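Working notes for the structure below.
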Amino acid sequence: MKKFDRERVLLAVAGPVIALAVAFVLSAIVLVASGKSPVEPFALMFEQIGFSDIQVLVINQASMYYIAALAVAIGFRMNLFNIGVDGQYQLGAMLAAIVGAHVALPAALQVPLLLLTAVLTGAFWAGIAGVLKVTRGVSEVVATIMLNAIATSVIAYLWLPNVFGVKVGNNNTTGEMHSSGWIPGIGMGAAGEIYGLVLLAVLLGIGYWVVLNRTRFGFDLRASGASQTAAAASGVDPGRMVLSAMLISGGIAGLAGLPILLGDTHTYSLNFPTGIGFLGIGIALLGRNSPVGIAFAALLWAWLDKASPELDFHGYDKEIAVIMQGLIVLSVVVSYEAVREWGLRRQQRRVGAELAAGHVLGNNNTTKEVAGR
């Protein structure tokens, strides 16, 4: 491996490693400050990795985190901050649940219909922010935050009994979906089932890498994210790329809730997971917008979620995992900036050394020419 390639790999790995190390140390300090062991909680959570039922739960949870993080990463690659992934994924899941409860088609048509419903819903909701940014210059951060709040109100309206809501005790639901829209899982015996749409998460990760690195659209997207002015000079329409990135990001976000919707709950209710879109931001940051890096980050986040309940049985608060997730996000920002500065200094020193070597070589050649005369 060339020296330059080794440095690139080192810079790519250093940020996440430093962030995780700092997060673990700070979490240990918090535990010590509260008068508890700084080691035992982590040992208890690491023990959970060996249990097959926990492994299934982690994989299932990670599939949703992964899809949400990919949606965020698409925006990041275009230098856009789609903070509205949470609203987009909730609306996508709810509309898919409503369609699934009121439309009964053969499975070969029902499942694609539900997937398409989720994608179009998420894309439409994100597209509003995209249009506002392109036509009126409205920040996508402000627009998507407002759209998250509006999405919450829209969901509350759709839950009304005289709209699409079905009351089950004190729970608001959209009614049970027709079984033709259910996607069977991968049986793991007594450990449970892995959601069938975990495979969708894998396919989305592969598609994300192929589109960004092997297509003209992906090149235009990355170029526009790096510098819209330079991209425009090469013939790329920045406005079109902004809108396209928001639509794709929203479309992927709309799919984030479908693994659990089609594989387990079969209805959208008050018990449906929330906050996945916001967690996707931290996961995308930790994974450095790389499909492989995001996969590891999603598994880490899911492990912290599913292993932490064990702490309650040993006198520790399971919120330790939440504290650690927050510390990871903070550490990511700091460590990545530190690594970036370190990389810039190394590059400047290397360029300086090369220029100095060239200057010395040039002086030697001049001396030889004078001597030859």
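Note on naming: chains are A, B, ... as they come in the structure tokens, residues start from 1 per chain, ligands start from 1 in the order shown.
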
Applying 12 Å and only C-alpha atoms, which residues near Gly326 in chain A remain after dropping the ones on its own chain fewer than 2 positions away? List them as a short mmCIF file (atom, residue, chain, number, x, y, z; two decimals) with C-alpha atoms, in the first residue's frame.
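Output (out07.cif):
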data_model
loop_
_atom_site.label_atom_id
_atom_site.label_comp_id
_atom_site.auth_asym_id
_atom_site.auth_seq_id
_atom_site.Cartn_x
_atom_site.Cartn_y
_atom_site.Cartn_z
CA ALA A 19 -14.52 9.47 19.34
CA LEU A 20 -15.41 6.06 20.80
CA VAL A 22 -13.26 9.57 24.44
CA ALA A 23 -16.94 8.62 24.86
CA PHE A 24 -16.03 5.53 26.90
CA LEU A 26 -16.14 10.33 29.71
CA SER A 27 -18.89 7.79 30.49
CA PHE A 278 -32.43 12.07 14.88
CA LEU A 279 -30.31 9.06 15.87
CA ILE A 281 -27.65 11.97 12.27
CA GLY A 282 -25.19 10.74 14.89
CA ILE A 283 -24.81 7.39 13.16
CA LEU A 286 -19.78 8.40 13.23
CA TRP A 301 -26.08 2.22 18.49
CA LEU A 304 -26.24 0.22 23.28
CA GLU A 319 -29.74 5.70 30.74
CA ILE A 320 -25.96 5.24 30.81
CA ALA A 321 -26.32 4.07 27.20
CA VAL A 322 -28.17 7.28 26.27
CA ILE A 323 -25.45 9.36 27.93
CA MET A 324 -22.85 7.42 25.98
CA ILE A 328 -20.23 9.83 21.07
CA VAL A 329 -21.90 12.54 18.98
CA LEU A 330 -20.01 15.29 20.82
CA SER A 331 -16.75 13.36 20.59
CA VAL A 332 -17.27 12.77 16.86
CA VAL A 333 -17.47 16.49 16.15
#

Dump as JSON lines the rows for residues of range 13-100 of chain A within 9 Å of range 185-189 of chain A: closest atom pair and distance in Å with one decimal, only C-alpha atoms counted, ordered by chain and rising residue number.
{"residue": "A:Ser52", "atom": "CA", "partner": "A:Met188", "partner_atom": "CA", "distance": 8.5}
{"residue": "A:Asp53", "atom": "CA", "partner": "A:Met188", "partner_atom": "CA", "distance": 8.7}
{"residue": "A:Val56", "atom": "CA", "partner": "A:Met188", "partner_atom": "CA", "distance": 8.0}

* Asked: Which one is closest to Leu116 in chain A: A:Ala93, A:Leu132, A:Leu270, A:Leu327? Count only C-alpha atoms.
  ->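 For Leu116 in chain A, the nearest of the given residues is A:Ala93.
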
* To do: In Å, rounded to a single decimal, give me how far CA of Ser37 in chain A is from CA of Ile54 in chain A.
  =>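 We find that CA of Ile54 in chain A and CA of Ser37 in chain A lie 23.8 Å from each other.
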
* Asked: range 154-253 of chain A: which residues are strand (DSSP E or B) by DSSP, as an NGL selection string?
  -> :A and (166-168 or 171-173 or 186-187 or 193-194)
